[in-house]
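*Asks:* Following this line is data24.txt, made up of compact mmCIF, C-alpha atoms:
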# COMPACT_ATOMS: atom_id res chain seq x y z
CA MET A 82 105.77 96.18 124.22
CA SER A 83 103.60 98.22 126.56
CA TYR A 84 99.99 99.31 126.39
CA ARG A 85 98.45 102.48 127.77
CA SER A 86 94.68 102.72 127.68
CA GLY A 87 93.12 105.99 126.67
CA TRP A 88 91.78 106.69 130.17
CA SER A 89 92.79 106.28 133.81
CA ARG A 90 93.08 102.70 135.03
CA ASP A 91 91.22 103.79 138.15
CA LEU A 92 88.03 104.38 136.15
CA SER A 93 85.85 102.37 133.81
CA LEU A 94 85.47 103.81 130.32
CA GLY A 95 81.97 105.05 131.18
CA GLU A 96 83.20 106.76 134.31
CA ALA A 97 86.10 108.38 132.46
CA LEU A 98 83.76 109.67 129.72
CA ARG A 99 81.34 111.10 132.27
CA ALA A 100 84.19 112.75 134.20
CA SER A 101 85.56 114.44 131.08
CA TRP A 102 82.20 115.40 129.51
CA ILE A 103 82.26 119.14 130.32
CA HIS A 104 85.91 119.51 129.36
CA ASP A 105 85.27 117.57 126.13
CA GLN A 106 82.40 119.89 125.23
CA ASP A 107 84.59 122.95 125.83
CA ALA A 108 87.49 121.48 123.84
CA GLY A 109 85.27 120.17 121.04
CA VAL A 110 87.00 116.76 121.15
CA THR A 111 86.85 113.68 123.33
CA GLN A 112 89.85 113.66 125.65
CA VAL A 113 89.54 110.04 126.83
CA GLY A 114 88.63 106.76 125.21
CA PRO A 115 90.04 103.96 123.09
CA GLN A 116 91.11 106.46 120.41
CA ARG A 117 93.67 107.74 122.96
CA ALA A 118 95.14 104.28 123.63
CA GLU A 119 98.77 103.70 122.75
CA ILE A 120 101.00 100.69 122.17
CA THR A 121 104.69 101.39 122.61
CA PHE A 122 107.56 99.17 121.51
CA ARG A 123 111.04 99.38 122.98
CA LEU A 124 114.26 97.82 121.77
CA ASP A 125 117.22 97.66 124.16
CA GLY A 126 115.47 100.22 126.36
CA ALA A 127 114.91 102.80 123.61
CA PRO A 128 111.62 103.54 121.83
CA VAL A 129 111.52 101.60 118.55
CA LYS A 130 110.24 104.70 116.75
CA ASP A 131 113.63 106.32 117.43
CA ARG A 132 115.55 103.32 116.08
CA ILE A 133 113.76 102.30 112.88
CA SER A 134 112.89 104.13 109.67
CA ARG A 135 109.45 105.53 108.89
CA GLY A 136 108.98 102.75 106.35
CA GLN A 137 109.78 100.15 109.01
CA GLN A 138 107.34 101.91 111.36
CA LYS A 139 104.67 101.70 108.67
CA LEU A 140 105.36 97.99 108.18
CA LEU A 141 105.23 97.36 111.94
CA ALA A 142 101.87 99.15 112.21
CA SER A 143 100.60 97.30 109.13
CA SER A 144 101.59 93.93 110.57
CA LEU A 145 99.69 94.72 113.76
CA LEU A 146 96.62 95.66 111.71
CA MET A 147 96.89 92.47 109.64
CA ALA A 148 97.05 90.45 112.87
CA GLN A 149 94.00 92.28 114.19
CA LEU A 150 92.10 91.67 110.94
CA SER A 151 92.92 87.97 111.08
CA LEU A 152 90.94 87.81 114.34
CA PHE A 153 87.82 89.28 112.72
CA PRO A 154 85.25 86.56 111.96
CA THR A 155 85.27 85.73 108.24
CA ASP A 156 81.54 84.96 108.31
CA ALA A 157 80.56 88.27 109.94
CA GLN A 158 77.74 90.19 108.27
CA ILE A 159 79.88 93.32 108.15
CA ARG A 160 83.41 93.80 106.91
CA PRO A 161 85.98 96.08 108.48
CA THR A 162 87.17 99.10 106.55
CA LEU A 163 90.92 99.49 106.22
CA LEU A 164 92.41 102.86 105.33
CA LEU A 165 95.92 102.78 103.88
CA ASP A 166 97.13 106.35 103.95
CA ASP A 167 99.72 106.79 101.19
CA PRO A 168 101.47 103.43 101.63
CA ALA A 169 103.97 104.29 98.87
CA ALA A 170 105.29 107.30 100.81
CA GLU A 171 107.87 105.40 102.85
CA LEU A 172 107.97 101.94 101.28
CA ASP A 173 110.17 100.71 98.45
CA SER A 174 108.40 98.92 95.61
CA GLU A 175 109.15 95.41 96.93
CA ARG A 176 107.70 96.11 100.36
CA LEU A 177 104.79 98.07 98.93
CA LEU A 178 103.85 95.14 96.69
CA GLY A 179 104.11 92.78 99.68
CA LEU A 180 101.85 95.01 101.76
CA ILE A 181 99.28 95.33 98.96
CA ARG A 182 99.37 91.55 98.43
CA GLU A 183 98.67 90.94 102.14
CA VAL A 184 95.93 93.57 102.31
CA THR A 185 94.09 92.30 99.24
CA MET A 186 93.92 88.83 100.78
CA GLN A 187 91.89 90.25 103.68
CA SER A 188 88.12 90.43 103.65
CA VAL A 189 87.96 94.20 104.09
CA GLN A 190 86.62 97.26 102.41
CA LEU A 191 89.83 98.96 101.33
CA VAL A 192 90.42 102.70 100.99
CA VAL A 193 93.85 103.76 99.72
CA THR A 194 95.14 107.31 99.45
CA SER A 195 98.14 108.54 97.57
Could you take the file, read its structure, and then write that structure out as structure tokens?
*Replies:*
Amino acid sequence: MSYRSGWSRDLSLGEALRASWIHDQDAGVTQVGPQRAEITFRLDGAPVKDRISRGQQKLLASSLLMAQLSLFPTDAQIRPTLLLDDPAAELDSERLLGLIREVTMQSVQLVVTS
């Protein structure tokens, strides 16, 4: 597993945002920031995304989100919002039911598309 932040390691986030401000305004989007971060998984030297199915990719991403949600304080005054974008698209019924079961046990505001 490797992590790439959404900005140069040589700069703080504030510095990176300031440095890209003019370009961001011209492009109409923010070019740097946490939304540009990336986690990459490799298996036997090859990117996992090239070795597993889309359904398996969706389950991998979902498991990472479930782990992240488990770190959110249960007594917080706000609840995270979780968007499941068409979970049935690549999952068989058994895995879809398992995912829905896990998600509904979380203290989140849930938005599901289909």
*Asks:* (94.6, 105.9, 125.8) in this file's frame - what residues fall within 7 Å of it? Use only C-alpha atoms and give the answer as a list in words.
*Replies:* Arg85, Ser86, Gly87, Trp88, Val113, Gly114, Pro115, Gln116, Arg117, Ala118 and Glu119 of chain A
*Asks:* For CA of Leu152 (chain A) and CA of Pro168 (chain A), determine how far apart the two atoms are, in Å to one decimal place.
*Replies:* 22.7 Å
*Asks:* Grab all the atoms of region 121-137 of chain A that the file lists, wrap them in a box along x, y and z, add 5 Å per side, and give me centre plus edge lengths in Å (one decimal) as JSON.
*Replies:*
{"center_x": 111.0, "center_y": 102.0, "center_z": 116.4, "size_x": 22.5, "size_y": 18.7, "size_z": 30.0}
*Asks:* Find the residues near region 129-146 of chain A: any atom within 9 Å, counting only C-alpha atoms, skip ones fewer than 4 places away on the same chain, and give them as an MDAnalysis selection string.
*Replies:* chainID A and resid 121:125 150:151 163 165 168 170:173 176 180
*Asks:* May I ask for the distance between CA of Gln158 (chain A) and CA of Leu191 (chain A), given in Å to one decimal place?
*Replies:*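 So the answer is 16.5 Å.
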*Asks:* Kindly give the distance, in Å, that separates CA of Val189 (chain A) and CA of Val110 (chain A), rounded to a single decimal.
*Replies:*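 Straight-line distance from CA of Val189 (chain A) to CA of Val110 (chain A) works out to 28.3 Å.
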*Asks:* Calculated over all atoms listed in the file, which of the candidates A:Gln187, A:Ala108, A:Ala97, A:Leu92 has the smallest distance to Pro161 (chain A)?
*Replies:*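 Smallest separation from Pro161 (chain A) among the options: A:Gln187.
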*Asks:* Select, from A:Leu178, A:Val192, A:Met147, A:Ala100, the residue with the minimum atom-to-atom distance to Asp166 (chain A), counting all atoms listed in the file.
*Replies:* A:Val192
*Asks:* Could you write region 107-135 of chain A as a PDB file, in the frame of the given file, with N, CA and C atoms rebuilt where they are missing?
*Replies:*
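The resulting file, selection_3.pdb, is reproduced below:
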ATOM      1  N   ASP A 107      83.838 121.692 125.986  1.00  0.00           N
ATOM      2  CA  ASP A 107      84.590 122.950 125.830  1.00  0.00           C
ATOM      3  C   ASP A 107      85.687 122.824 124.786  1.00  0.00           C
ATOM      4  N   ALA A 108      86.376 121.681 124.773  1.00  0.00           N
ATOM      5  CA  ALA A 108      87.490 121.480 123.840  1.00  0.00           C
ATOM      6  C   ALA A 108      87.011 121.110 122.440  1.00  0.00           C
ATOM      7  N   GLY A 109      85.794 120.588 122.344  1.00  0.00           N
ATOM      8  CA  GLY A 109      85.270 120.170 121.040  1.00  0.00           C
ATOM      9  C   GLY A 109      85.804 118.821 120.577  1.00  0.00           C
ATOM     10  N   VAL A 110      86.481 118.099 121.456  1.00  0.00           N
ATOM     11  CA  VAL A 110      87.000 116.760 121.150  1.00  0.00           C
ATOM     12  C   VAL A 110      86.899 115.906 122.407  1.00  0.00           C
ATOM     13  N   THR A 111      86.879 114.601 122.208  1.00  0.00           N
ATOM     14  CA  THR A 111      86.850 113.680 123.330  1.00  0.00           C
ATOM     15  C   THR A 111      88.274 113.445 123.815  1.00  0.00           C
ATOM     16  N   GLN A 112      88.506 113.737 125.086  1.00  0.00           N
ATOM     17  CA  GLN A 112      89.850 113.660 125.650  1.00  0.00           C
ATOM     18  C   GLN A 112      90.242 112.253 126.120  1.00  0.00           C
ATOM     19  N   VAL A 113      89.262 111.391 126.351  1.00  0.00           N
ATOM     20  CA  VAL A 113      89.540 110.040 126.830  1.00  0.00           C
ATOM     21  C   VAL A 113      88.811 109.037 125.955  1.00  0.00           C
ATOM     22  N   GLY A 114      89.290 107.814 125.956  1.00  0.00           N
ATOM     23  CA  GLY A 114      88.630 106.760 125.210  1.00  0.00           C
ATOM     24  C   GLY A 114      89.626 105.906 124.460  1.00  0.00           C
ATOM     25  N   PRO A 115      89.142 104.879 123.789  1.00  0.00           N
ATOM     26  CA  PRO A 115      90.040 103.960 123.090  1.00  0.00           C
ATOM     27  C   PRO A 115      90.858 104.640 121.986  1.00  0.00           C
ATOM     28  N   GLN A 116      90.367 105.752 121.442  1.00  0.00           N
ATOM     29  CA  GLN A 116      91.110 106.460 120.410  1.00  0.00           C
ATOM     30  C   GLN A 116      92.384 107.103 120.970  1.00  0.00           C
ATOM     31  N   ARG A 117      92.489 107.181 122.290  1.00  0.00           N
ATOM     32  CA  ARG A 117      93.670 107.740 122.960  1.00  0.00           C
ATOM     33  C   ARG A 117      94.630 106.650 123.437  1.00  0.00           C
ATOM     34  N   ALA A 118      94.281 105.387 123.204  1.00  0.00           N
ATOM     35  CA  ALA A 118      95.140 104.280 123.630  1.00  0.00           C
ATOM     36  C   ALA A 118      96.439 104.292 122.821  1.00  0.00           C
ATOM     37  N   GLU A 119      97.471 103.691 123.403  1.00  0.00           N
ATOM     38  CA  GLU A 119      98.770 103.700 122.750  1.00  0.00           C
ATOM     39  C   GLU A 119      99.517 102.410 123.049  1.00  0.00           C
ATOM     40  N   ILE A 120     100.103 101.829 122.018  1.00  0.00           N
ATOM     41  CA  ILE A 120     101.000 100.690 122.170  1.00  0.00           C
ATOM     42  C   ILE A 120     102.396 101.215 121.882  1.00  0.00           C
ATOM     43  N   THR A 121     103.323 100.927 122.779  1.00  0.00           N
ATOM     44  CA  THR A 121     104.690 101.390 122.610  1.00  0.00           C
ATOM     45  C   THR A 121     105.624 100.187 122.568  1.00  0.00           C
ATOM     46  N   PHE A 122     106.551 100.214 121.625  1.00  0.00           N
ATOM     47  CA  PHE A 122     107.560  99.170 121.510  1.00  0.00           C
ATOM     48  C   PHE A 122     108.913  99.753 121.876  1.00  0.00           C
ATOM     49  N   ARG A 123     109.690  98.957 122.600  1.00  0.00           N
ATOM     50  CA  ARG A 123     111.040  99.380 122.980  1.00  0.00           C
ATOM     51  C   ARG A 123     112.017  98.300 122.539  1.00  0.00           C
ATOM     52  N   LEU A 124     113.198  98.730 122.165  1.00  0.00           N
ATOM     53  CA  LEU A 124     114.260  97.820 121.770  1.00  0.00           C
ATOM     54  C   LEU A 124     115.518  98.238 122.518  1.00  0.00           C
ATOM     55  N   ASP A 125     116.050  97.349 123.328  1.00  0.00           N
ATOM     56  CA  ASP A 125     117.220  97.660 124.160  1.00  0.00           C
ATOM     57  C   ASP A 125     116.998  98.924 124.973  1.00  0.00           C
ATOM     58  N   GLY A 126     115.786  99.097 125.486  1.00  0.00           N
ATOM     59  CA  GLY A 126     115.470 100.220 126.360  1.00  0.00           C
ATOM     60  C   GLY A 126     115.064 101.499 125.651  1.00  0.00           C
ATOM     61  N   ALA A 127     115.236 101.573 124.351  1.00  0.00           N
ATOM     62  CA  ALA A 127     114.910 102.800 123.610  1.00  0.00           C
ATOM     63  C   ALA A 127     113.623 102.598 122.811  1.00  0.00           C
ATOM     64  N   PRO A 128     112.827 103.660 122.651  1.00  0.00           N
ATOM     65  CA  PRO A 128     111.620 103.540 121.830  1.00  0.00           C
ATOM     66  C   PRO A 128     111.976 103.099 120.406  1.00  0.00           C
ATOM     67  N   VAL A 129     111.255 102.101 119.895  1.00  0.00           N
ATOM     68  CA  VAL A 129     111.520 101.600 118.550  1.00  0.00           C
ATOM     69  C   VAL A 129     111.389 102.711 117.517  1.00  0.00           C
ATOM     70  N   LYS A 130     110.452 103.634 117.736  1.00  0.00           N
ATOM     71  CA  LYS A 130     110.240 104.700 116.750  1.00  0.00           C
ATOM     72  C   LYS A 130     111.485 105.565 116.556  1.00  0.00           C
ATOM     73  N   ASP A 131     112.380 105.560 117.546  1.00  0.00           N
ATOM     74  CA  ASP A 131     113.630 106.320 117.430  1.00  0.00           C
ATOM     75  C   ASP A 131     114.752 105.499 116.811  1.00  0.00           C
ATOM     76  N   ARG A 132     114.490 104.207 116.554  1.00  0.00           N
ATOM     77  CA  ARG A 132     115.550 103.320 116.080  1.00  0.00           C
ATOM     78  C   ARG A 132     115.294 102.727 114.701  1.00  0.00           C
ATOM     79  N   ILE A 133     114.066 102.867 114.198  1.00  0.00           N
ATOM     80  CA  ILE A 133     113.760 102.300 112.880  1.00  0.00           C
ATOM     81  C   ILE A 133     113.248 103.395 111.966  1.00  0.00           C
ATOM     82  N   SER A 134     113.311 103.136 110.672  1.00  0.00           N
ATOM     83  CA  SER A 134     112.890 104.130 109.670  1.00  0.00           C
ATOM     84  C   SER A 134     111.373 104.280 109.667  1.00  0.00           C
ATOM     85  N   ARG A 135     110.904 105.319 109.005  1.00  0.00           N
ATOM     86  CA  ARG A 135     109.450 105.530 108.890  1.00  0.00           C
ATOM     87  C   ARG A 135     108.814 104.392 108.102  1.00  0.00           C
TER      88      ARG A 135
END
